[in-house]
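What follows is the content of my_file.cif, which has mmCIF, C-alpha atoms:
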```cif
data_entry
loop_
_atom_site.label_atom_id
_atom_site.label_comp_id
_atom_site.auth_asym_id
_atom_site.auth_seq_id
_atom_site.Cartn_x
_atom_site.Cartn_y
_atom_site.Cartn_z
CA MET A 21 0.00 0.00 0.00
CA ASP A 22 1.27 3.48 -0.84
CA LEU A 23 1.45 5.93 2.07
CA PHE A 24 0.85 9.61 1.39
CA PRO A 25 1.72 12.01 4.20
CA ALA A 26 -0.43 15.09 3.72
CA ILE A 27 0.30 18.78 3.51
CA ASP A 28 -2.77 21.03 3.51
CA LEU A 29 -1.96 24.58 2.40
CA ARG A 30 -3.60 27.77 3.50
CA GLY A 31 -1.93 31.11 2.98
CA GLY A 32 1.32 29.40 2.10
CA ARG A 33 1.52 27.45 5.36
CA ALA A 34 1.08 23.77 6.22
CA VAL A 35 -2.09 23.45 8.31
CA ARG A 36 -4.68 20.93 9.41
CA LEU A 37 -8.43 21.44 9.73
CA TYR A 38 -10.73 19.66 12.16
CA GLN A 39 -13.60 17.97 10.26
CA GLY A 40 -13.00 20.31 7.35
CA ASP A 41 -13.82 23.42 9.38
CA TYR A 42 -11.80 26.41 8.16
CA ASP A 43 -12.38 28.10 11.51
CA ARG A 44 -10.77 25.18 13.39
CA MET A 45 -7.30 25.29 11.88
CA THR A 46 -3.90 24.48 13.35
CA VAL A 47 -0.69 25.69 11.69
CA TYR A 48 2.03 23.03 11.78
CA ASN A 49 4.75 24.46 9.57
CA ALA A 50 5.27 27.88 7.99
CA ASP A 51 7.55 26.23 5.40
CA PRO A 52 5.65 23.48 3.56
CA ALA A 53 8.64 22.64 1.34
CA ALA A 54 10.69 21.93 4.46
CA GLN A 55 7.86 19.75 5.73
CA ALA A 56 7.92 17.79 2.49
CA ARG A 57 11.67 17.25 2.84
CA ALA A 58 11.15 16.00 6.40
CA PHE A 59 8.62 13.45 5.14
CA ALA A 60 11.10 12.31 2.50
CA ALA A 61 13.80 11.95 5.15
CA ALA A 62 11.44 9.67 7.10
CA GLY A 63 11.25 7.36 4.10
CA ALA A 64 8.10 8.60 2.38
CA LYS A 65 7.93 8.08 -1.38
CA PHE A 66 4.60 9.86 -1.94
CA LEU A 67 3.05 13.19 -0.94
CA HIS A 68 -0.54 14.43 -0.90
CA VAL A 69 -0.99 18.21 -1.11
CA VAL A 70 -4.30 20.08 -0.90
CA ASP A 71 -4.67 23.79 -1.63
CA LEU A 72 -7.38 24.66 0.88
CA ASP A 73 -7.70 28.20 -0.46
CA GLY A 74 -8.23 26.78 -3.94
CA ALA A 75 -10.76 24.24 -2.67
CA LYS A 76 -12.72 27.04 -1.04
CA ASP A 77 -12.78 29.61 -3.83
CA GLY A 78 -10.90 28.26 -6.86
CA THR A 79 -7.90 30.57 -6.52
CA ALA A 80 -4.26 29.58 -7.13
CA GLU A 81 -2.89 31.40 -4.09
CA ASN A 82 -0.59 28.51 -3.16
CA PHE A 83 0.78 27.82 -6.65
CA GLU A 84 4.29 29.05 -5.86
CA THR A 85 4.33 27.06 -2.63
CA ILE A 86 3.45 23.94 -4.60
CA ARG A 87 6.19 24.80 -7.08
CA ALA A 88 8.69 24.91 -4.20
CA ILE A 89 7.46 21.55 -2.88
CA ALA A 90 7.76 19.94 -6.31
CA ALA A 91 11.24 21.33 -6.84
CA GLY A 92 12.49 20.38 -3.39
CA THR A 93 11.94 16.62 -3.35
CA ASP A 94 11.69 13.57 -5.61
CA LEU A 95 8.43 12.46 -4.00
CA TYR A 96 5.54 11.29 -6.16
CA LEU A 97 3.30 14.33 -5.77
CA GLU A 98 -0.47 14.52 -6.05
CA VAL A 99 -2.23 17.87 -5.72
CA GLY A 100 -5.86 18.80 -5.24
CA GLY A 101 -7.90 21.86 -4.36
CA GLY A 102 -9.27 24.34 -6.85
CA ILE A 103 -8.44 22.37 -10.01
CA ARG A 104 -11.46 23.24 -12.10
CA ASP A 105 -10.16 23.51 -15.67
CA GLU A 106 -7.61 21.88 -17.95
CA ALA A 107 -5.31 24.89 -17.83
CA ARG A 108 -4.72 24.32 -14.10
CA ILE A 109 -4.09 20.62 -14.74
CA ARG A 110 -1.50 21.42 -17.38
CA ALA A 111 0.12 24.05 -15.16
CA TYR A 112 0.55 21.59 -12.30
CA LEU A 113 1.83 18.80 -14.53
CA GLU A 114 4.38 21.23 -15.98
CA LEU A 115 5.56 21.96 -12.43
CA GLY A 116 6.34 18.28 -11.97
CA VAL A 117 3.14 17.25 -10.19
CA ASP A 118 2.48 13.58 -10.90
CA ARG A 119 -1.29 13.47 -10.37
CA CYS A 120 -4.05 16.08 -10.18
CA ILE A 121 -7.11 15.53 -8.03
CA LEU A 122 -10.48 16.77 -9.26
CA GLY A 123 -13.02 17.41 -6.53
CA THR A 124 -15.67 20.09 -6.95
CA ALA A 125 -15.08 20.14 -10.71
CA ALA A 126 -15.82 16.43 -10.99
CA VAL A 127 -19.16 16.87 -9.25
CA LYS A 128 -20.22 20.11 -10.89
CA ASP A 129 -19.10 19.11 -14.40
CA PHE A 130 -18.87 15.34 -14.55
CA ASP A 131 -18.32 15.33 -18.31
CA PHE A 132 -15.20 17.45 -17.81
CA ALA A 133 -13.83 14.98 -15.27
CA ALA A 134 -14.54 12.07 -17.61
CA ARG A 135 -12.75 13.82 -20.48
CA MET A 136 -9.72 14.59 -18.32
CA ALA A 137 -9.61 11.00 -17.05
CA GLN A 138 -9.68 9.72 -20.61
CA LYS A 139 -7.02 12.20 -21.77
CA TYR A 140 -4.59 12.03 -18.86
CA GLY A 141 -5.22 8.53 -17.51
CA PRO A 142 -3.35 7.84 -14.25
CA LYS A 143 -2.41 11.52 -13.91
CA ILE A 144 -6.01 12.21 -12.83
CA ALA A 145 -7.79 11.11 -9.67
CA VAL A 146 -11.16 12.17 -8.29
CA GLY A 147 -11.42 13.27 -4.69
CA VAL A 148 -14.72 12.12 -3.23
CA ASP A 149 -15.44 13.84 0.07
CA MET A 150 -18.46 12.52 1.93
CA LYS A 151 -20.58 13.90 4.72
CA ASP A 152 -23.13 11.48 6.17
CA GLY A 153 -22.58 9.36 3.06
CA PHE A 154 -23.26 12.15 0.54
CA VAL A 155 -20.76 13.94 -1.69
CA ALA A 156 -19.58 17.33 -0.41
CA VAL A 157 -17.89 20.04 -2.48
CA ALA A 158 -16.52 23.61 -2.30
CA GLY A 159 -14.17 22.98 0.57
CA TRP A 160 -16.73 20.64 2.16
CA ARG A 161 -19.18 23.49 2.71
CA GLU A 162 -21.84 22.22 0.27
CA VAL A 163 -23.39 18.76 0.50
CA THR A 164 -24.97 17.31 -2.64
CA PRO A 165 -27.87 14.83 -2.80
CA GLU A 166 -25.74 12.12 -4.45
CA PRO A 167 -24.48 9.22 -2.31
CA GLY A 168 -20.71 8.87 -2.37
CA LEU A 169 -20.77 5.20 -3.34
CA ALA A 170 -23.01 5.89 -6.32
CA PHE A 171 -20.76 8.73 -7.43
CA CYS A 172 -17.68 6.48 -7.23
CA ARG A 173 -19.45 3.89 -9.38
CA ARG A 174 -20.16 6.62 -11.95
CA CYS A 175 -16.51 7.63 -11.88
CA ALA A 176 -15.33 4.09 -12.52
CA ALA A 177 -17.80 3.64 -15.37
CA ALA A 178 -16.52 6.87 -16.96
CA GLY A 179 -12.91 5.69 -16.94
CA VAL A 180 -11.61 7.29 -13.75
CA GLN A 181 -8.84 5.02 -12.48
CA ALA A 182 -8.48 6.28 -8.91
CA VAL A 183 -10.55 7.91 -6.18
CA ILE A 184 -9.44 9.48 -2.94
CA ALA A 185 -12.31 8.94 -0.54
CA THR A 186 -12.68 10.96 2.66
CA ASP A 187 -15.30 10.68 5.38
CA ILE A 188 -15.36 14.31 6.50
CA SER A 189 -16.71 13.42 9.94
CA ARG A 190 -13.48 11.50 10.62
CA ASP A 191 -10.99 13.91 9.06
CA GLY A 192 -8.57 15.48 11.51
CA THR A 193 -10.21 13.77 14.50
CA LEU A 194 -7.90 10.79 15.17
CA GLN A 195 -11.06 8.83 15.96
CA GLY A 196 -10.36 6.07 13.46
CA THR A 197 -11.14 5.83 9.77
CA ASN A 198 -14.34 4.52 8.18
CA LEU A 199 -13.24 0.97 7.35
CA GLU A 200 -16.71 -0.08 6.20
CA LEU A 201 -16.69 2.68 3.60
CA TYR A 202 -13.49 1.37 2.06
CA ARG A 203 -14.72 -2.22 2.09
CA ALA A 204 -17.71 -1.07 0.05
CA LEU A 205 -15.62 1.05 -2.34
CA LEU A 206 -13.20 -1.81 -2.99
CA LYS A 207 -16.06 -3.82 -4.47
CA ILE A 208 -16.23 -1.40 -7.42
CA PRO A 209 -14.37 -3.09 -10.30
CA GLY A 210 -11.35 -1.32 -11.77
CA LEU A 211 -11.14 1.45 -9.20
CA ARG A 212 -8.01 2.15 -7.14
CA VAL A 213 -9.06 3.44 -3.73
CA THR A 214 -7.12 5.78 -1.45
CA ALA A 215 -8.35 5.96 2.15
CA SER A 216 -8.29 9.36 3.81
CA GLY A 217 -9.58 10.79 7.07
CA GLY A 218 -9.24 9.81 10.70
CA ILE A 219 -6.56 7.12 10.47
CA ALA A 220 -5.27 6.91 14.04
CA GLY A 221 -2.97 3.90 14.33
CA LEU A 222 -0.74 1.42 12.55
CA GLU A 223 -3.29 -1.33 13.03
CA GLU A 224 -5.77 0.57 10.86
CA LEU A 225 -3.15 0.99 8.16
CA GLU A 226 -2.43 -2.72 8.21
CA GLU A 227 -6.15 -3.49 7.97
CA LEU A 228 -6.57 -1.12 5.03
CA ALA A 229 -3.62 -2.78 3.30
CA ALA A 230 -5.01 -6.25 3.98
CA MET A 231 -8.40 -5.38 2.47
CA GLY A 232 -6.72 -4.15 -0.73
CA CYS A 233 -6.63 -0.36 -0.46
CA HIS A 234 -4.16 1.01 -2.97
CA ALA A 235 -3.10 3.91 -0.75
CA ALA A 236 -3.74 5.75 2.50
CA ILE A 237 -3.30 9.39 3.45
CA LEU A 238 -1.84 10.34 6.83
CA GLY A 239 -2.40 13.82 8.21
CA GLN A 240 -3.22 14.63 11.81
CA SER A 241 -1.84 11.30 13.02
CA ILE A 242 1.72 12.07 11.91
CA TYR A 243 1.64 15.74 12.89
CA THR A 244 0.61 14.86 16.45
CA GLY A 245 2.87 11.80 16.71
CA ALA A 246 0.03 9.30 17.02
CA ILE A 247 1.68 7.47 14.10
CA ASP A 248 5.42 7.53 13.46
CA LEU A 249 5.79 8.01 9.73
CA ALA A 250 9.08 6.12 9.46
CA GLU A 251 7.56 3.13 11.26
CA ALA A 252 4.43 3.27 9.11
CA VAL A 253 6.58 3.30 5.97
CA ARG A 254 8.59 0.33 7.24
CA ARG A 255 5.53 -1.74 8.11
CA CYS A 256 2.97 -0.78 5.51
CA GLN A 257 4.42 0.88 2.43
CA SER A 258 4.56 -1.26 -0.69
#
```
As a first step, turn the structure in this file into structure tokens.
Amino acid sequence: MDLFPAIDLRGGRAVRLYQGDYDRMTVYNADPAAQARAFAAAGAKFLHVVDLDGAKDGTAENFETIRAIAAGTDLYLEVGGGIRDEARIRAYLELGVDRCILGTAAVKDFDFAARMAQKYGPKIAVGVDMKDGFVAVAGWREVTPEPGLAFCRRCAAAGVQAVIATDISRDGTLQGTNLELYRALLKIPGLRVTASGGIAGLEELEELAAMGCHAAILGQSIYTGAIDLAEAVRRCQS
């Protein structure tokens, strides 16, 4: 299983939100590129970056910060947050980003997401954020009427190769991830599933790996020390 330590960006800093609440934010590092290098030094091979400002309002405020992260390490880098047109996809890929994550854009304009998945293949993933089982968008502030599982099935049928699924109620809480959600998602043929949100211990990582999750994202757990990243890499990373 691939392990993605996470860097969430707001105003050029590495932060974490509690349950997606922009008003409940903790700053962990004023230098996100240095944070990325620290993850690499711990043995990480992958990095998950979210532009929270972009997710909220579609801006590219953190573009230069992402450039610095991409230039500073050899990590496989996936980026999401505010990617709502092909120009932004191309701009990130030209920076050296390995995979772009479509979130709000995939929900608001599904045909666009399908076209990008067909054109760019494994360089595109869809981020599926769920609140009470339903898809949420716009920085998790808007909940749609579509169930997350049904949306993931639509993604797979349209040629999307990978989804990054987050149960918002677990994100940033260290209360444990939604294992039943990932068991259900893994039944969708042809879809590579990344688990995100609430992972609190190595045992959960091992269970996710055993059930066949392609990847897992670690955020609050490694910033607080609940999980030692180097140990997680040693025990769980493929």
Kindly provide, as lines of an AutoDock Vina configuration file, the centre and edge lengths (Å, one decimal) of an axis-aligned box around all atoms of region 177-191 of chain A given in the file, with 6 Å on each side.
```
center_x = -13.1
center_y = 9.0
center_z = -3.2
size_x = 21.3
size_y = 22.7
size_z = 39.6
```
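The point (-7.0, 10.8, 13.6) has these residues within 10 Å of it when all atoms listed in the file are used: A:Tyr38, A:Arg190, A:Asp191, A:Gly192, A:Thr193, A:Leu194, A:Gln195, A:Gly196, A:Thr197, A:Ser216, A:Gly217, A:Gly218, A:Ile219, A:Ala220, A:Gly221, A:Leu238, A:Gly239, A:Gln240, A:Ser241, A:Ile242, A:Tyr243, A:Thr244, A:Ala246, A:Ile247.
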For the selection just defined, write its residues with C-alpha atoms to a file, as a compact mmCIF listing (two decimals), in the frame of the given file.
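Output below, filename selection.txt:
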```
# COMPACT_ATOMS: atom_id res chain seq x y z
CA TYR A 38 -10.73 19.66 12.16
CA ARG A 190 -13.48 11.50 10.62
CA ASP A 191 -10.99 13.91 9.06
CA GLY A 192 -8.57 15.48 11.51
CA THR A 193 -10.21 13.77 14.50
CA LEU A 194 -7.90 10.79 15.17
CA GLN A 195 -11.06 8.83 15.96
CA GLY A 196 -10.36 6.07 13.46
CA THR A 197 -11.14 5.83 9.77
CA SER A 216 -8.29 9.36 3.81
CA GLY A 217 -9.58 10.79 7.07
CA GLY A 218 -9.24 9.81 10.70
CA ILE A 219 -6.56 7.12 10.47
CA ALA A 220 -5.27 6.91 14.04
CA GLY A 221 -2.97 3.90 14.33
CA LEU A 238 -1.84 10.34 6.83
CA GLY A 239 -2.40 13.82 8.21
CA GLN A 240 -3.22 14.63 11.81
CA SER A 241 -1.84 11.30 13.02
CA ILE A 242 1.72 12.07 11.91
CA TYR A 243 1.64 15.74 12.89
CA THR A 244 0.61 14.86 16.45
CA ALA A 246 0.03 9.30 17.02
CA ILE A 247 1.68 7.47 14.10
```
Report as a compact mmCIF listing (two decimals) with C-alpha atoms, in the frame of the given file the full result of the PyMOL selection byres ((chain A and resi 225) around 10) when it is applied to this structure.
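Result file part.txt:
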```
# COMPACT_ATOMS: atom_id res chain seq x y z
CA MET A 21 0.00 0.00 0.00
CA LEU A 23 1.45 5.93 2.07
CA THR A 197 -11.14 5.83 9.77
CA ALA A 215 -8.35 5.96 2.15
CA ILE A 219 -6.56 7.12 10.47
CA ALA A 220 -5.27 6.91 14.04
CA GLY A 221 -2.97 3.90 14.33
CA LEU A 222 -0.74 1.42 12.55
CA GLU A 223 -3.29 -1.33 13.03
CA GLU A 224 -5.77 0.57 10.86
CA GLU A 226 -2.43 -2.72 8.21
CA GLU A 227 -6.15 -3.49 7.97
CA LEU A 228 -6.57 -1.12 5.03
CA ALA A 229 -3.62 -2.78 3.30
CA ALA A 230 -5.01 -6.25 3.98
CA CYS A 233 -6.63 -0.36 -0.46
CA ALA A 235 -3.10 3.91 -0.75
CA ALA A 236 -3.74 5.75 2.50
CA ILE A 237 -3.30 9.39 3.45
CA LEU A 238 -1.84 10.34 6.83
CA ALA A 252 4.43 3.27 9.11
CA ARG A 255 5.53 -1.74 8.11
CA CYS A 256 2.97 -0.78 5.51
CA GLN A 257 4.42 0.88 2.43
```
Given the PyMOL selection byres ((chain A and resi 68-78) around 10), the residues it picks as a VMD selection string: chain A and resid 23 to 32 34 to 37 40 42 52 56 66 to 67 79 to 83 85 to 86 89 95 to 104 119 to 125 157 to 161 236 to 239
Correct to one decimal, the distance CA of Ala60 (chain A)-CA of Val253 (chain A) is 10.7 Å
Do you know which residues are at most 12 Å from Asp131 (chain A) counting all atoms listed in the file, after dropping those on the same chain fewer than 5 positions away, and could you put them as number ranges by chain? A: 105, 125-126, 136-138, 174-175, 178-180
Export of prior selection with C-alpha atoms as a PDB file, keeping the file's coordinate frame:
```pdb
ATOM      1  CA  ASP A 105     -10.160  23.510 -15.670  1.00  0.00           C
ATOM      2  CA  ALA A 125     -15.080  20.140 -10.710  1.00  0.00           C
ATOM      3  CA  ALA A 126     -15.820  16.430 -10.990  1.00  0.00           C
ATOM      4  CA  MET A 136      -9.720  14.590 -18.320  1.00  0.00           C
ATOM      5  CA  ALA A 137      -9.610  11.000 -17.050  1.00  0.00           C
ATOM      6  CA  GLN A 138      -9.680   9.720 -20.610  1.00  0.00           C
ATOM      7  CA  ARG A 174     -20.160   6.620 -11.950  1.00  0.00           C
ATOM      8  CA  CYS A 175     -16.510   7.630 -11.880  1.00  0.00           C
ATOM      9  CA  ALA A 178     -16.520   6.870 -16.960  1.00  0.00           C
ATOM     10  CA  GLY A 179     -12.910   5.690 -16.940  1.00  0.00           C
ATOM     11  CA  VAL A 180     -11.610   7.290 -13.750  1.00  0.00           C
TER      12      VAL A 180
END
```
Quick one, how far is CA of Gly245 (chain A) from CA of Gly232 (chain A)?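 Computing the Euclidean distance for CA of Gly245 (chain A) and CA of Gly232 (chain A) yields 25.5 Å.
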Residue IDs satisfying the PyMOL selection byres ((chain A and resi 186) around 7), as a ChimeraX atom specification: /A:148-150,184-185,187-188,215-217
Write the residues you've just listed into a file as an mmCIF file, in the coordinates of the input, and include C-alpha atoms for each of them.
```cif
data_model
loop_
_atom_site.group_PDB
_atom_site.id
_atom_site.type_symbol
_atom_site.label_atom_id
_atom_site.label_comp_id
_atom_site.auth_asym_id
_atom_site.auth_seq_id
_atom_site.Cartn_x
_atom_site.Cartn_y
_atom_site.Cartn_z
ATOM 1 C CA VAL A 148 -14.720 12.120 -3.230
ATOM 2 C CA ASP A 149 -15.440 13.840 0.070
ATOM 3 C CA MET A 150 -18.460 12.520 1.930
ATOM 4 C CA ILE A 184 -9.440 9.480 -2.940
ATOM 5 C CA ALA A 185 -12.310 8.940 -0.540
ATOM 6 C CA ASP A 187 -15.300 10.680 5.380
ATOM 7 C CA ILE A 188 -15.360 14.310 6.500
ATOM 8 C CA ALA A 215 -8.350 5.960 2.150
ATOM 9 C CA SER A 216 -8.290 9.360 3.810
ATOM 10 C CA GLY A 217 -9.580 10.790 7.070
#
```
Just how far from CA of Pro142 (chain A) is CA of Gln55 (chain A), in Å to one decimal? 25.8 Å
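Distance annotation: of A:Ala250, A:Ile109, A:Ala156, A:Val146, the residue with the minimal separation from Arg212 (chain A) is A:Val146; atom set is all atoms listed in the file.
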Write region 216-236 of chain A as a PDB file, keeping the file's coordinate frame, completed to N, CA and C atoms.
```pdb
ATOM      1  N   SER A 216      -8.697   8.090   3.225  1.00  0.00           N
ATOM      2  CA  SER A 216      -8.290   9.360   3.810  1.00  0.00           C
ATOM      3  C   SER A 216      -9.266   9.771   4.903  1.00  0.00           C
ATOM      4  N   GLY A 217      -8.714  10.237   6.023  1.00  0.00           N
ATOM      5  CA  GLY A 217      -9.580  10.790   7.070  1.00  0.00           C
ATOM      6  C   GLY A 217      -9.662   9.946   8.308  1.00  0.00           C
ATOM      7  N   GLY A 218      -9.038  10.418   9.391  1.00  0.00           N
ATOM      8  CA  GLY A 218      -9.240   9.810  10.700  1.00  0.00           C
ATOM      9  C   GLY A 218      -8.323   8.662  11.055  1.00  0.00           C
ATOM     10  N   ILE A 219      -7.436   8.253  10.168  1.00  0.00           N
ATOM     11  CA  ILE A 219      -6.560   7.120  10.470  1.00  0.00           C
ATOM     12  C   ILE A 219      -5.735   7.454  11.716  1.00  0.00           C
ATOM     13  N   ALA A 220      -5.822   6.575  12.728  1.00  0.00           N
ATOM     14  CA  ALA A 220      -5.270   6.910  14.040  1.00  0.00           C
ATOM     15  C   ALA A 220      -4.164   5.984  14.503  1.00  0.00           C
ATOM     16  N   GLY A 221      -3.971   4.832  13.841  1.00  0.00           N
ATOM     17  CA  GLY A 221      -2.970   3.900  14.330  1.00  0.00           C
ATOM     18  C   GLY A 221      -2.472   2.972  13.243  1.00  0.00           C
ATOM     19  N   LEU A 222      -1.339   2.329  13.522  1.00  0.00           N
ATOM     20  CA  LEU A 222      -0.740   1.420  12.550  1.00  0.00           C
ATOM     21  C   LEU A 222      -1.638   0.231  12.256  1.00  0.00           C
ATOM     22  N   GLU A 223      -2.416  -0.186  13.252  1.00  0.00           N
ATOM     23  CA  GLU A 223      -3.290  -1.330  13.030  1.00  0.00           C
ATOM     24  C   GLU A 223      -4.320  -1.038  11.948  1.00  0.00           C
ATOM     25  N   GLU A 224      -4.825   0.184  11.915  1.00  0.00           N
ATOM     26  CA  GLU A 224      -5.770   0.570  10.860  1.00  0.00           C
ATOM     27  C   GLU A 224      -5.101   0.534   9.494  1.00  0.00           C
ATOM     28  N   LEU A 225      -3.880   1.022   9.431  1.00  0.00           N
ATOM     29  CA  LEU A 225      -3.150   0.990   8.160  1.00  0.00           C
ATOM     30  C   LEU A 225      -2.982  -0.451   7.682  1.00  0.00           C
ATOM     31  N   GLU A 226      -2.624  -1.321   8.590  1.00  0.00           N
ATOM     32  CA  GLU A 226      -2.430  -2.720   8.210  1.00  0.00           C
ATOM     33  C   GLU A 226      -3.737  -3.345   7.750  1.00  0.00           C
ATOM     34  N   GLU A 227      -4.854  -2.965   8.391  1.00  0.00           N
ATOM     35  CA  GLU A 227      -6.150  -3.490   7.970  1.00  0.00           C
ATOM     36  C   GLU A 227      -6.540  -2.964   6.593  1.00  0.00           C
ATOM     37  N   LEU A 228      -6.287  -1.688   6.348  1.00  0.00           N
ATOM     38  CA  LEU A 228      -6.570  -1.120   5.030  1.00  0.00           C
ATOM     39  C   LEU A 228      -5.742  -1.824   3.954  1.00  0.00           C
ATOM     40  N   ALA A 229      -4.477  -2.087   4.255  1.00  0.00           N
ATOM     41  CA  ALA A 229      -3.620  -2.780   3.300  1.00  0.00           C
ATOM     42  C   ALA A 229      -4.135  -4.197   3.044  1.00  0.00           C
ATOM     43  N   ALA A 230      -4.549  -4.869   4.109  1.00  0.00           N
ATOM     44  CA  ALA A 230      -5.010  -6.250   3.980  1.00  0.00           C
ATOM     45  C   ALA A 230      -6.291  -6.340   3.152  1.00  0.00           C
ATOM     46  N   MET A 231      -7.144  -5.320   3.232  1.00  0.00           N
ATOM     47  CA  MET A 231      -8.400  -5.380   2.470  1.00  0.00           C
ATOM     48  C   MET A 231      -8.203  -4.977   1.012  1.00  0.00           C
ATOM     49  N   GLY A 232      -7.022  -4.451   0.669  1.00  0.00           N
ATOM     50  CA  GLY A 232      -6.720  -4.150  -0.730  1.00  0.00           C
ATOM     51  C   GLY A 232      -6.727  -2.694  -1.112  1.00  0.00           C
ATOM     52  N   CYS A 233      -6.730  -1.783  -0.125  1.00  0.00           N
ATOM     53  CA  CYS A 233      -6.630  -0.360  -0.460  1.00  0.00           C
ATOM     54  C   CYS A 233      -5.306  -0.098  -1.171  1.00  0.00           C
ATOM     55  N   HIS A 234      -5.379   0.690  -2.233  1.00  0.00           N
ATOM     56  CA  HIS A 234      -4.160   1.010  -2.970  1.00  0.00           C
ATOM     57  C   HIS A 234      -3.277   1.975  -2.200  1.00  0.00           C
ATOM     58  N   ALA A 235      -3.880   2.890  -1.444  1.00  0.00           N
ATOM     59  CA  ALA A 235      -3.100   3.910  -0.750  1.00  0.00           C
ATOM     60  C   ALA A 235      -3.875   4.430   0.452  1.00  0.00           C
ATOM     61  N   ALA A 236      -3.135   5.091   1.343  1.00  0.00           N
ATOM     62  CA  ALA A 236      -3.740   5.750   2.500  1.00  0.00           C
ATOM     63  C   ALA A 236      -3.048   7.072   2.731  1.00  0.00           C
TER      64      ALA A 236
END
```
